[in-house]
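K.L.:
Got a structure for you, written out below as structure tokens; questions coming shortly.
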Amino acid sequence: MMRTMNAAQAINDALHLAMELDPSVICYGLGIDDPKTIFGTTAGLQERFGAARVFDTPTSENAMTGVGIGAALGGLRPVMCHQRLDFFLLAMDQLVNNAAKWRYTFGEGHSVPLTLRLILGRGWGQGPTHSQNLQAWFAHVPGLKVVMPASAADARGLLLSSIFDDDPVVFLEHRWMHSATGEVPQGDVRVPLGKAQRLREGDAVTIVAMSYLVAEASHACRALESMGVYCDLIDLRSIKPLDIDTLAASLKRTGRLLVLDTGAATGSVAGEIIARLTMEHWSSFRCPPQRLAAPDCPEPTSYGISRAFYTGAADILRSVGRMLDLPELPLDALPPARPHHDVPGDWFTGPF
């Protein structure tokens with residue numbers, strides 16, 4: 001059975017289901033039971049499952065992450081929620097030095113089934129301390145799994161897989177992805193970690209995208225199709241482990257690679273993908289690989305300066321045009337520009 005919902009509702013639905021299926025699942029975080037319920041994703045949980053399993057926390061990120069690790073080692077499956085990834089940086093010691101390596105240090109039987117929901121975003125004056133996309137940081141740490149859903153169905157299915165995985169999983173939610181609406185399967189339907197999804201088929205260019213950039217890439221692909229150019233669009237879904245086999249198969253079909261990354265260019269996930277494919281599949285390339293990522297500087301708070309900071313569908317069109325040497329670009333086929341570049345739509349009224 002399918003239901004239509006947005007990604008925030010899908011995450012809420014997954015949390016309800018996981019707590020129904022397994023009494024060892026607990027959910028906690030700063031503001032989890034306040035009126036905004038973390039963008040609506042934790043609505044109704046405490047009323048349904050009680051304050052012993054769903055509870056607010058003090059502003060003590062490192063300590064509360066340690067509590068989660070201890071609870072996981074004691075047999076629970078904690079889901080810790082942070083309204084901003086940036087605040088979680090205070091807890092990197094617990095994540096890197098304990099959660100990520102506990103099983104490697106002490107062996108099987110000492111796993112840490114901890115899920116960390118970290119919300120990231122952009123725009124609306126969020127500035128340099130409320131908008132960071134640090135997926136490459138987390139992916140660099142051995143022992144961690146990292147996922148970034150781009151649709152409502154994947155948000156639900158990937159979160160269920162993360163909660164019931166026996167290793168720590170960093171679940172990165174782009175704030176603008178919460179409004180993505182689509183058909184979502186009901187029941188215990190899980191999306192496997194480490195498996196990318198081919199969203200559009202083509203032979204011109206392989207476009208690899210993650211998180212919100214999947215939406216911008218979809219706009220670009222539809223515009224290109226209006227002039228007969230068809231691209232392979234791959235939604236990465238999982239940052240670690242990477243589904244290199246799916247990416248390599250697409251590259252073999254197209255011979256051209258464009259990787260989109262919401263994070264800064266240097267040391268990015270896009271750079272890792274290009275390195276792996278270049279080293280292992282050099283003969284598949286018909287032209288040099290390209291990437292579009294954020295500039296190597298903190299996000300500006302200024303409305304005017306931030307206009308040039310983010311990758312959009314027009315940037316993707318221009319990159320594909322250069323790779324294919326297209327004399328003209330179908331810029332008129334893109335959706336009309338939003339009234340304000342730093343909000344996802346007219347419905348958006350604020351950061352929370």
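All residue names refer to the structure tokens as shown: chains lettered A, B, ... in order, residues numbered from 1 in each chain, ligands numbered from 1 in order.
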Counting only C-alpha atoms, give me one row per residue of region 246-275 of chain A with an atom at most 10 Å from an atom of region 319-322 of chain A, showing the shortest contact pair and its distance in Å to one decimal, sorted by chain then residue number, as a tab-separated table.
P.N.:
```
residue	atom	partner	partner_atom	distance
A:Arg256	CA	A:Val320	CA	9.2
A:Leu257	CA	A:Val320	CA	9.3
A:Leu258	CA	A:Val320	CA	7.7
```
K.L.:
Could you save the residues just selected, with N, CA and C atoms, as an mmCIF file, in the first residue's frame?
P.N.:
```cif
data_model
loop_
_atom_site.group_PDB
_atom_site.id
_atom_site.type_symbol
_atom_site.label_atom_id
_atom_site.label_comp_id
_atom_site.auth_asym_id
_atom_site.auth_seq_id
_atom_site.Cartn_x
_atom_site.Cartn_y
_atom_site.Cartn_z
ATOM 1 N N ARG A 256 30.928 10.079 -19.791
ATOM 2 C CA ARG A 256 31.091 11.431 -19.234
ATOM 3 C C ARG A 256 30.526 11.452 -17.820
ATOM 4 N N LEU A 257 31.230 12.162 -16.914
ATOM 5 C CA LEU A 257 30.847 12.141 -15.492
ATOM 6 C C LEU A 257 30.790 13.549 -14.931
ATOM 7 N N LEU A 258 29.644 13.892 -14.324
ATOM 8 C CA LEU A 258 29.478 15.149 -13.594
ATOM 9 C C LEU A 258 28.951 14.795 -12.211
#
```
K.L.:
Quick one: residues within 6 Å of region 172-180 of chain A, only C-alpha atoms counted, chain neighbours fewer than 6 positions away excluded, as a PyMOL selection string?
P.N.:
chain A and resi 6-8+118-121+148+151+212
K.L.:
Which residues of region 221-321 of chain A sit at most 12 Å from region 337-343 of chain A, using only C-alpha atoms? Give each one's shortest atom pair and distance in Å (one decimal place), in chain and ascending residue order, as a Markdown table.
P.N.:
```
| residue | atom | partner | partner_atom | distance |
| --- | --- | --- | --- | --- |
| A:Glu299 | CA | A:Asp342 | CA | 11.9 |
| A:Pro300 | CA | A:Asp342 | CA | 11.4 |
| A:Thr301 | CA | A:Asp342 | CA | 10.4 |
| A:Ser302 | CA | A:Asp342 | CA | 10.3 |
| A:Tyr303 | CA | A:Asp342 | CA | 7.5 |
| A:Gly304 | CA | A:His341 | CA | 9.5 |
| A:Ile305 | CA | A:Asp342 | CA | 10.8 |
| A:Ser306 | CA | A:Asp342 | CA | 7.7 |
| A:Arg307 | CA | A:His341 | CA | 6.5 |
| A:Ala308 | CA | A:His341 | CA | 9.6 |
| A:Phe309 | CA | A:Asp342 | CA | 10.1 |
| A:Tyr310 | CA | A:Asp342 | CA | 9.2 |
| A:Thr311 | CA | A:His341 | CA | 11.2 |
| A:Gly312 | CA | A:His341 | CA | 9.9 |
| A:Ala313 | CA | A:Ala337 | CA | 10.3 |
| A:Ala314 | CA | A:Ala337 | CA | 10.4 |
```
K.L.:
Need to verify the contact set: Phe87 (chain A), 9 Å, only C-alpha atoms, exclusion of same-chain residues closer than 4 positions in sequence. Can you return it as a ChimeraX atom specification?
P.N.:
/A:61,82-83,91,129-130
K.L.:
Find, counting only C-alpha atoms, the residue in A:Ser226, A:Asn133, A:Gln46, A:Asn97 that gets nearest to Ala333 (chain A).
P.N.:
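The shortest atom-to-atom distance to Ala333 (chain A) comes from A:Ser226.
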K.L.:
May I ask for the distance between CA of Gln132 (chain A) and CA of Ala294 (chain A), given in Å to one decimal place?
P.N.:
10.3 Å
K.L.:
Identify all residues of region 102-250 of chain A in alpha helix (DSSP H) (DSSP on the backbone) and supply them as JSON, numbers by chain.
P.N.:
{"A": [102, 103, 104, 105, 106, 135, 136, 137, 138, 139, 140, 152, 153, 154, 155, 156, 157, 158, 159, 160, 161, 162, 163, 213, 214, 215, 216, 217, 218, 219, 220, 221, 222, 223, 224, 225, 244, 245, 246, 247, 248, 249, 250]}
K.L.:
How would the residues just picked look written out with N, CA and C atoms as a compact mmCIF listing (two decimals), in the first residue's frame?
P.N.:
```
# COMPACT_ATOMS: atom_id res chain seq x y z
N TRP A 102 34.14 1.31 18.42
CA TRP A 102 33.96 0.41 19.56
C TRP A 102 33.98 -1.06 19.13
N ARG A 103 33.25 -1.39 18.08
CA ARG A 103 33.20 -2.80 17.65
C ARG A 103 34.54 -3.25 17.10
N TYR A 104 35.27 -2.32 16.43
CA TYR A 104 36.58 -2.69 15.90
C TYR A 104 37.57 -2.93 17.03
N THR A 105 37.38 -2.20 18.14
CA THR A 105 38.31 -2.32 19.27
C THR A 105 38.02 -3.56 20.11
N PHE A 106 36.71 -3.81 20.35
CA PHE A 106 36.37 -4.86 21.31
C PHE A 106 35.74 -6.09 20.66
N GLN A 135 29.19 16.05 5.12
CA GLN A 135 29.11 14.61 4.87
C GLN A 135 30.48 13.99 4.62
N ALA A 136 31.38 14.75 3.99
CA ALA A 136 32.72 14.21 3.73
C ALA A 136 33.48 13.97 5.03
N TRP A 137 33.29 14.81 6.02
CA TRP A 137 33.91 14.59 7.33
C TRP A 137 33.51 13.22 7.89
N PHE A 138 32.20 13.01 7.95
CA PHE A 138 31.69 11.78 8.56
C PHE A 138 32.11 10.55 7.74
N ALA A 139 32.07 10.69 6.42
CA ALA A 139 32.44 9.55 5.57
C ALA A 139 33.91 9.18 5.74
N HIS A 140 34.71 10.13 6.17
CA HIS A 140 36.15 9.88 6.33
C HIS A 140 36.44 9.00 7.54
N ALA A 152 10.82 11.46 -0.21
CA ALA A 152 10.03 11.01 0.94
C ALA A 152 10.17 9.50 1.14
N ALA A 153 10.08 8.75 0.05
CA ALA A 153 10.16 7.29 0.16
C ALA A 153 11.52 6.85 0.71
N ASP A 154 12.58 7.50 0.22
CA ASP A 154 13.91 7.12 0.69
C ASP A 154 14.15 7.59 2.13
N ALA A 155 13.58 8.74 2.50
CA ALA A 155 13.72 9.20 3.88
C ALA A 155 13.16 8.16 4.84
N ARG A 156 12.01 7.62 4.50
CA ARG A 156 11.39 6.60 5.36
C ARG A 156 12.18 5.29 5.33
N GLY A 157 12.46 4.81 4.12
CA GLY A 157 13.12 3.51 3.99
C GLY A 157 14.55 3.50 4.50
N LEU A 158 15.29 4.58 4.25
CA LEU A 158 16.66 4.64 4.74
C LEU A 158 16.72 4.81 6.25
N LEU A 159 15.75 5.55 6.81
CA LEU A 159 15.77 5.72 8.27
C LEU A 159 15.46 4.39 8.96
N LEU A 160 14.53 3.61 8.42
CA LEU A 160 14.26 2.30 9.01
C LEU A 160 15.51 1.41 8.95
N SER A 161 16.19 1.42 7.81
CA SER A 161 17.42 0.62 7.71
C SER A 161 18.48 1.10 8.67
N SER A 162 18.57 2.41 8.85
CA SER A 162 19.58 2.97 9.76
C SER A 162 19.30 2.55 11.20
N ILE A 163 18.05 2.66 11.62
CA ILE A 163 17.70 2.33 13.00
C ILE A 163 17.99 0.86 13.31
N LEU A 213 20.40 18.34 -4.09
CA LEU A 213 20.86 18.54 -5.46
C LEU A 213 20.24 17.56 -6.44
N VAL A 214 19.64 16.49 -5.96
CA VAL A 214 18.90 15.59 -6.84
C VAL A 214 17.73 16.35 -7.48
N ALA A 215 17.08 17.23 -6.72
CA ALA A 215 15.97 18.02 -7.27
C ALA A 215 16.47 18.97 -8.35
N GLU A 216 17.59 19.67 -8.09
CA GLU A 216 18.13 20.59 -9.10
C GLU A 216 18.57 19.82 -10.35
N ALA A 217 19.18 18.66 -10.15
CA ALA A 217 19.61 17.85 -11.28
C ALA A 217 18.42 17.35 -12.10
N SER A 218 17.31 17.03 -11.42
CA SER A 218 16.11 16.58 -12.15
C SER A 218 15.58 17.69 -13.04
N HIS A 219 15.57 18.93 -12.53
CA HIS A 219 15.16 20.07 -13.37
C HIS A 219 16.05 20.18 -14.61
N ALA A 220 17.36 20.07 -14.40
CA ALA A 220 18.29 20.19 -15.52
C ALA A 220 18.09 19.08 -16.54
N CYS A 221 17.88 17.86 -16.06
CA CYS A 221 17.69 16.72 -16.98
C CYS A 221 16.43 16.90 -17.81
N ARG A 222 15.35 17.36 -17.18
CA ARG A 222 14.11 17.57 -17.95
C ARG A 222 14.31 18.65 -19.02
N ALA A 223 15.03 19.70 -18.68
CA ALA A 223 15.29 20.76 -19.67
C ALA A 223 16.13 20.22 -20.82
N LEU A 224 17.15 19.43 -20.52
CA LEU A 224 18.00 18.87 -21.58
C LEU A 224 17.21 17.93 -22.48
N GLU A 225 16.27 17.20 -21.90
CA GLU A 225 15.47 16.28 -22.72
C GLU A 225 14.62 17.03 -23.74
N ILE A 244 29.87 2.22 -5.83
CA ILE A 244 30.73 2.49 -6.99
C ILE A 244 30.31 1.65 -8.19
N ASP A 245 29.82 0.45 -7.98
CA ASP A 245 29.45 -0.41 -9.12
C ASP A 245 28.36 0.24 -9.98
N THR A 246 27.34 0.82 -9.32
CA THR A 246 26.27 1.48 -10.09
C THR A 246 26.81 2.69 -10.85
N LEU A 247 27.70 3.45 -10.20
CA LEU A 247 28.26 4.62 -10.86
C LEU A 247 29.15 4.21 -12.05
N ALA A 248 29.94 3.16 -11.86
CA ALA A 248 30.82 2.70 -12.93
C ALA A 248 30.02 2.17 -14.12
N ALA A 249 28.92 1.48 -13.84
CA ALA A 249 28.08 0.96 -14.94
C ALA A 249 27.48 2.11 -15.74
N SER A 250 27.08 3.17 -15.06
CA SER A 250 26.53 4.33 -15.76
C SER A 250 27.63 5.02 -16.58
```
